[in-house]
Amino acid sequence: MNANDISEISAWLTTQGLKGIDEMDIVNGFCQRARAAGMRLDRGLALIDTLHPVYEGRAFQWDSKEPVKTAFEYGPTNEGVSAENWERSSFHHMRENNGNEIRRRLGFGDPLDFFTLDTLQASGHKDYIAMIHRFAQDSHIGDMDCFYSHWTTMDEDGFRDEDIAALRQLVPVLALAIKAGSLTRVSRTIAEVYLGEDAAKQVLEGRISRGKAERISAVLWFSDLQNYTRISDNLPPDEIIPFLNDYADAVISSIHEAGGNVLKLIGDGTLAIFKAEEREDACARALLAEQSLREKLKGLNEQRQQQSRPVTEVYLGLHIGDVFYGNIGSSDRLDFTVIGPAVNEVSRIASMCRFVDRSVIMSSQFVAAAPPPRNSEVVSIGRYALRGVKRAQELFTLMPLEKAE
């Protein structure tokens, strides 16, 4: 590999990073180009931590013998077997000793003193080099503070000096390209986790100006937990968050699986919307989410009862109406949400559940637009004056067909 090859690969990496190409494609292209230019490269592994509620980071593995290139997420490395493997790794050793590079000539008697080195040697790899490229402290996001990589060859003579020199020049450029793609992914993850998928998409497309909102027709979902105040008052402090998380997971996953968007978590309450080209489709999605939620709650409550932990049910209000959907707030603190009378009305509808002892209540507007629900019939529960709403409204609930008279 000569200087021209290094320059061309470096330029290619820069271009891919600027384009925001998928990280696995970048690693794959880098390894193929390095090998085509004469580098004795047979395997490459790149890792970068991320900011995600479930995963600690992502890994990208290339192997000259494998046609399928592998990208995968990894979980926390501070517990269980993962912690043991991490502490035995060359990367952990470099972090603990402020090192940047470790080389082990596996086929020439060097010690197999790090995790996976024995496996690599057994599969025919002769030379191994691991690197860490650190990011400046003020550019850290979560645990994304460096780029890890290791490189191996199966060549009987191991890496040549020019191979090592080329890796030292090119891997920092690779790290920058991977970091660019990872930062885009992190931005999207943070936005989706805290704003919801649809709101995140709009914010990332540039809709961040205060007061910028559109008028939409949407199905509105507002739910909260039955007897939450009483239950939380009697729970040990360290049990309150797990309790909320269990039930929030059931609610949110049901909404997302049916194509809805969660906009706000308010204590034990959840505000969500369902949008569709046809109002009937949006109503059908909300009813599907409601049915899924009841099934999830049944399993969750059985599990918690077996553990002698408190259980509850979810009160749900469903409504449909025109709302303003966009940015509301101050110049330096915005919320992407919905506002309008219909939002107030759906929260009032949900609050009626505890007074009429029903788990779901729907407005007459929702019922008029919705298709017949599966396995249930819609039953009027009468007209009610809702607090803060000018006119009394007829409200409806769902009754299982087998219980209908």
# chains A, B, ... in the order shown; residues from 1 in each chain; ligands from 1

$ residues_around --residues "stretch 62-70 of chain A" --least-positions-apart "2" --cutoff "8 Å" --atoms "only C-alpha atoms" --output "PyMOL selection string"
chain A and resi 24+27-28+31+41-45+60+72

$ residues_around --residues "A:Phe30" --least-positions-apart "5" --cutoff "10 Å" --atoms "only C-alpha atoms" --output "list of chain:residue names"
A:Ile9, A:Ser10, A:Trp12, A:Leu13, A:Met24, A:Asp25, A:Arg35, A:Ala36, A:Gly44, A:Trp62, A:Leu170, A:Val171, A:Leu174

$ closest_residue --among "A:Glu23, A:Asp118, A:Asp157, A:Glu295" --to "A:Leu176" --atoms "only C-alpha atoms"
A:Glu23

$ closest_atom_pairs --of "stretch 278-355 of chain A" --to "stretch 361-370 of chain A" --cutoff "8 Å" --atoms "only C-alpha atoms" --output "Markdown table"
| residue | atom | partner | partner_atom | distance |
| --- | --- | --- | --- | --- |
| A:Arg279 | CA | A:Ala369 | CA | 6.3 |
| A:Glu280 | CA | A:Ala370 | CA | 5.0 |
| A:Asp281 | CA | A:Ala370 | CA | 7.8 |
| A:Cys283 | CA | A:Ala370 | CA | 5.0 |
| A:Ala284 | CA | A:Ala370 | CA | 6.3 |
| A:Leu316 | CA | A:Ile361 | CA | 6.4 |
| A:Gly317 | CA | A:Ile361 | CA | 5.1 |
| A:Leu318 | CA | A:Met362 | CA | 4.7 |
| A:His319 | CA | A:Phe366 | CA | 5.1 |
| A:Ile320 | CA | A:Phe366 | CA | 5.3 |
| A:Gly321 | CA | A:Gln365 | CA | 7.8 |
| A:Ile349 | CA | A:Ile361 | CA | 6.6 |
| A:Ala350 | CA | A:Ile361 | CA | 6.5 |
| A:Met352 | CA | A:Ile361 | CA | 7.6 |
| A:Cys353 | CA | A:Ile361 | CA | 6.5 |

$ select_by_dssp --residues "stretch 120-285 of chain A" --states "strand (DSSP E)" --output "ChimeraX atom specification"
/A:127-134,146-153,213-225,261-266,269-274

$ select_by_dssp --residues "stretch 205-344 of chain A" --states "helix (DSSP H, G or I)" --output "tab-separated table (two decimals) with N, CA, C and O atoms, in the first residue's frame"
chain	number	residue	atom	x	y	z
A	228	TYR	N	-53.66	5.31	41.24
A	228	TYR	CA	-52.21	5.52	41.30
A	228	TYR	C	-51.79	6.24	42.57
A	228	TYR	O	-50.79	5.86	43.20
A	229	THR	N	-52.52	7.28	42.96
A	229	THR	CA	-52.13	8.05	44.15
A	229	THR	C	-52.11	7.16	45.38
A	229	THR	O	-51.14	7.18	46.17
A	230	ARG	N	-53.15	6.36	45.57
A	230	ARG	CA	-53.20	5.47	46.74
A	230	ARG	C	-52.07	4.45	46.71
A	230	ARG	O	-51.40	4.21	47.72
A	231	ILE	N	-51.85	3.85	45.54
A	231	ILE	CA	-50.80	2.84	45.41
A	231	ILE	C	-49.42	3.44	45.68
A	231	ILE	O	-48.61	2.89	46.43
A	232	SER	N	-49.14	4.60	45.07
A	232	SER	CA	-47.82	5.21	45.23
A	232	SER	C	-47.58	5.67	46.66
A	232	SER	O	-46.44	5.64	47.14
A	233	ASP	N	-48.64	6.08	47.37
A	233	ASP	CA	-48.49	6.49	48.77
A	233	ASP	C	-48.08	5.33	49.66
A	233	ASP	O	-47.46	5.54	50.72
A	234	ASN	N	-48.42	4.11	49.24
A	234	ASN	CA	-48.13	2.94	50.07
A	234	ASN	C	-46.96	2.11	49.57
A	234	ASN	O	-46.60	1.12	50.20
A	237	PRO	N	-40.29	3.89	48.31
A	237	PRO	CA	-39.81	4.82	47.27
A	237	PRO	C	-39.12	4.13	46.10
A	237	PRO	O	-39.30	4.53	44.95
A	238	ASP	N	-38.34	3.08	46.36
A	238	ASP	CA	-37.61	2.44	45.28
A	238	ASP	C	-38.48	1.52	44.43
A	238	ASP	O	-38.02	0.94	43.44
A	239	GLU	N	-39.78	1.39	44.79
A	239	GLU	CA	-40.70	0.58	43.99
A	239	GLU	C	-41.57	1.42	43.07
A	239	GLU	O	-42.23	0.89	42.17
A	240	ILE	N	-41.61	2.74	43.29
A	240	ILE	CA	-42.52	3.59	42.52
A	240	ILE	C	-42.12	3.64	41.05
A	240	ILE	O	-42.96	3.48	40.15
A	241	ILE	N	-40.84	3.85	40.77
A	241	ILE	CA	-40.40	3.95	39.38
A	241	ILE	C	-40.57	2.62	38.65
A	241	ILE	O	-41.10	2.61	37.52
A	242	PRO	N	-40.18	1.46	39.22
A	242	PRO	CA	-40.45	0.20	38.53
A	242	PRO	C	-41.93	-0.03	38.26
A	242	PRO	O	-42.31	-0.56	37.22
A	243	PHE	N	-42.78	0.37	39.22
A	243	PHE	CA	-44.23	0.25	39.04
A	243	PHE	C	-44.69	1.06	37.83
A	243	PHE	O	-45.39	0.57	36.94
A	244	LEU	N	-44.28	2.32	37.79
A	244	LEU	CA	-44.64	3.18	36.66
A	244	LEU	C	-44.08	2.65	35.35
A	244	LEU	O	-44.77	2.65	34.32
A	245	ASN	N	-42.84	2.18	35.37
A	245	ASN	CA	-42.22	1.69	34.15
A	245	ASN	C	-42.94	0.47	33.57
A	245	ASN	O	-43.11	0.35	32.36
A	246	ASP	N	-43.36	-0.44	34.45
A	246	ASP	CA	-44.07	-1.63	33.98
A	246	ASP	C	-45.32	-1.25	33.21
A	246	ASP	O	-45.58	-1.77	32.12
A	247	TYR	N	-46.11	-0.35	33.79
A	247	TYR	CA	-47.39	-0.01	33.16
A	247	TYR	C	-47.19	0.96	31.99
A	247	TYR	O	-47.92	0.89	30.99
A	248	ALA	N	-46.21	1.84	32.09
A	248	ALA	CA	-45.92	2.73	30.96
A	248	ALA	C	-45.47	1.91	29.75
A	248	ALA	O	-45.84	2.23	28.61
A	249	ASP	N	-44.69	0.87	29.98
A	249	ASP	CA	-44.23	0.04	28.87
A	249	ASP	C	-45.42	-0.63	28.17
A	249	ASP	O	-45.46	-0.69	26.93
A	250	ALA	N	-46.39	-1.10	28.93
A	250	ALA	CA	-47.58	-1.72	28.34
A	250	ALA	C	-48.36	-0.71	27.51
A	250	ALA	O	-48.79	-1.00	26.39
A	251	VAL	N	-48.54	0.49	28.05
A	251	VAL	CA	-49.30	1.52	27.34
A	251	VAL	C	-48.56	1.97	26.08
A	251	VAL	O	-49.12	1.98	24.97
A	252	ILE	N	-47.31	2.35	26.23
A	252	ILE	CA	-46.56	2.93	25.12
A	252	ILE	C	-46.34	1.91	24.00
A	252	ILE	O	-46.49	2.23	22.81
A	253	SER	N	-45.99	0.69	24.36
A	253	SER	CA	-45.76	-0.33	23.31
A	253	SER	C	-47.05	-0.62	22.55
A	253	SER	O	-47.02	-0.84	21.33
A	254	SER	N	-48.18	-0.62	23.24
A	254	SER	CA	-49.47	-0.85	22.57
A	254	SER	C	-49.77	0.26	21.57
A	254	SER	O	-50.22	0.01	20.44
A	255	ILE	N	-49.50	1.49	21.97
A	255	ILE	CA	-49.73	2.64	21.08
A	255	ILE	C	-48.81	2.58	19.87
A	255	ILE	O	-49.24	2.72	18.72
A	256	HIS	N	-47.53	2.35	20.11
A	256	HIS	CA	-46.57	2.33	19.01
A	256	HIS	C	-46.84	1.18	18.04
A	256	HIS	O	-46.74	1.35	16.82
A	257	GLU	N	-47.18	0.02	18.56
A	257	GLU	CA	-47.43	-1.14	17.70
A	257	GLU	C	-48.63	-0.90	16.78
A	257	GLU	O	-48.70	-1.47	15.69
A	279	ARG	N	-60.22	9.14	8.78
A	279	ARG	CA	-60.48	9.16	10.21
A	279	ARG	C	-60.81	7.76	10.73
A	279	ARG	O	-60.44	7.39	11.84
A	280	GLU	N	-61.51	6.96	9.92
A	280	GLU	CA	-61.86	5.61	10.35
A	280	GLU	C	-60.62	4.78	10.62
A	280	GLU	O	-60.57	4.00	11.57
A	281	ASP	N	-59.58	4.95	9.80
A	281	ASP	CA	-58.34	4.21	10.00
A	281	ASP	C	-57.66	4.60	11.31
A	281	ASP	O	-57.14	3.75	12.03
A	282	ALA	N	-57.65	5.90	11.61
A	282	ALA	CA	-57.04	6.36	12.86
A	282	ALA	C	-57.80	5.81	14.07
A	282	ALA	O	-57.19	5.38	15.06
A	283	CYS	N	-59.13	5.80	13.98
A	283	CYS	CA	-59.93	5.24	15.08
A	283	CYS	C	-59.67	3.74	15.23
A	283	CYS	O	-59.56	3.22	16.36
A	284	ALA	N	-59.57	3.04	14.10
A	284	ALA	CA	-59.31	1.60	14.14
A	284	ALA	C	-57.96	1.31	14.81
A	284	ALA	O	-57.83	0.35	15.58
A	285	ARG	N	-56.95	2.14	14.53
A	285	ARG	CA	-55.65	1.96	15.16
A	285	ARG	C	-55.73	2.15	16.67
A	285	ARG	O	-55.12	1.41	17.45
A	286	ALA	N	-56.49	3.15	17.10
A	286	ALA	CA	-56.65	3.40	18.53
A	286	ALA	C	-57.36	2.23	19.22
A	286	ALA	O	-56.98	1.82	20.33
A	287	LEU	N	-58.39	1.69	18.57
A	287	LEU	CA	-59.09	0.54	19.15
A	287	LEU	C	-58.20	-0.69	19.20
A	287	LEU	O	-58.26	-1.48	20.14
A	288	LEU	N	-57.36	-0.86	18.18
A	288	LEU	CA	-56.41	-1.97	18.18
A	288	LEU	C	-55.42	-1.82	19.33
A	288	LEU	O	-55.07	-2.80	20.01
A	289	ALA	N	-54.96	-0.60	19.57
A	289	ALA	CA	-54.03	-0.34	20.68
A	289	ALA	C	-54.71	-0.63	22.01
A	289	ALA	O	-54.09	-1.19	22.93
A	290	GLU	N	-55.98	-0.25	22.13
A	290	GLU	CA	-56.73	-0.51	23.37
A	290	GLU	C	-56.84	-1.99	23.64
A	290	GLU	O	-56.63	-2.47	24.76
A	291	GLN	N	-57.17	-2.76	22.59
A	291	GLN	CA	-57.29	-4.22	22.74
A	291	GLN	C	-55.95	-4.84	23.12
A	291	GLN	O	-55.87	-5.70	24.01
A	292	SER	N	-54.88	-4.40	22.46
A	292	SER	CA	-53.55	-4.91	22.78
A	292	SER	C	-53.16	-4.57	24.21
A	292	SER	O	-52.57	-5.39	24.92
A	293	LEU	N	-53.51	-3.36	24.64
A	293	LEU	CA	-53.18	-2.94	26.00
A	293	LEU	C	-53.84	-3.86	27.03
A	293	LEU	O	-53.20	-4.26	28.01
A	294	ARG	N	-55.11	-4.19	26.83
A	294	ARG	CA	-55.81	-5.05	27.80
A	294	ARG	C	-55.14	-6.42	27.89
A	294	ARG	O	-55.03	-7.00	28.97
A	295	GLU	N	-54.68	-6.94	26.74
A	295	GLU	CA	-54.01	-8.23	26.75
A	295	GLU	C	-52.67	-8.15	27.48
A	295	GLU	O	-52.31	-9.04	28.26
A	296	LYS	N	-51.94	-7.05	27.26
A	296	LYS	CA	-50.66	-6.87	27.95
A	296	LYS	C	-50.87	-6.71	29.46
A	296	LYS	O	-50.09	-7.24	30.27
A	297	LEU	N	-51.91	-5.97	29.85
A	297	LEU	CA	-52.17	-5.76	31.27
A	297	LEU	C	-52.52	-7.06	31.97
A	297	LEU	O	-52.12	-7.27	33.13
A	298	LYS	N	-53.24	-7.93	31.29
A	298	LYS	CA	-53.59	-9.22	31.89
A	298	LYS	C	-52.33	-10.00	32.24
A	298	LYS	O	-52.18	-10.51	33.36
A	299	GLY	N	-51.40	-10.09	31.28
A	299	GLY	CA	-50.16	-10.80	31.54
A	299	GLY	C	-49.30	-10.12	32.59
A	299	GLY	O	-48.71	-10.77	33.46
A	300	LEU	N	-49.23	-8.77	32.52
A	300	LEU	CA	-48.43	-8.03	33.49
A	300	LEU	C	-48.97	-8.19	34.90
A	300	LEU	O	-48.20	-8.41	35.85
A	301	ASN	N	-50.28	-8.10	35.05
A	301	ASN	CA	-50.86	-8.20	36.39
A	301	ASN	C	-50.71	-9.60	36.97
A	301	ASN	O	-50.48	-9.77	38.18
A	302	GLU	N	-50.80	-10.61	36.12
A	302	GLU	CA	-50.57	-11.98	36.60
A	302	GLU	C	-49.14	-12.13	37.09
A	302	GLU	O	-48.89	-12.74	38.14
A	303	GLN	N	-48.20	-11.57	36.36
A	303	GLN	CA	-46.79	-11.66	36.74
A	303	GLN	C	-46.53	-10.91	38.04
A	303	GLN	O	-45.86	-11.43	38.95
A	304	ARG	N	-47.07	-9.71	38.16
A	304	ARG	CA	-46.83	-8.91	39.37
A	304	ARG	C	-47.52	-9.54	40.59
A	304	ARG	O	-46.98	-9.48	41.70
A	305	GLN	N	-48.69	-10.14	40.40
A	305	GLN	CA	-49.36	-10.80	41.52
A	305	GLN	C	-48.55	-11.98	42.03
A	305	GLN	O	-48.47	-12.22	43.25
A	306	GLN	N	-47.94	-12.72	41.11
A	306	GLN	CA	-47.08	-13.84	41.52
A	306	GLN	C	-45.89	-13.36	42.33
A	306	GLN	O	-45.35	-14.10	43.16
A	341	PRO	N	-59.05	22.70	22.22
A	341	PRO	CA	-60.12	22.22	23.10
A	341	PRO	C	-60.23	20.70	23.15
A	341	PRO	O	-60.55	20.13	24.20
A	342	ALA	N	-59.97	20.03	22.03
A	342	ALA	CA	-60.11	18.57	22.00
A	342	ALA	C	-59.14	17.89	22.97
A	342	ALA	O	-59.44	16.81	23.49
A	343	VAL	N	-57.97	18.50	23.20
A	343	VAL	CA	-56.99	17.92	24.13
A	343	VAL	C	-57.53	17.99	25.55
A	343	VAL	O	-57.44	17.02	26.32
A	344	ASN	N	-58.11	19.11	25.92
A	344	ASN	CA	-58.74	19.24	27.23
A	344	ASN	C	-59.89	18.25	27.38
A	344	ASN	O	-60.05	17.60	28.42

$ atom_distance --atom1 "atom CA of A:Val203" --atom2 "atom CA of A:Arg188"
9.7 Å

$ closest_residue --among "A:Thr337, A:Thr14, A:Ser330, A:Asn2" --to "A:Glu162" --atoms "only C-alpha atoms"
A:Asn2

$ closest_residue --among "A:Ile208, A:Ala37, A:Ala59, A:Leu225" --to "A:Ser331" --atoms "only C-alpha atoms"
A:Ile208
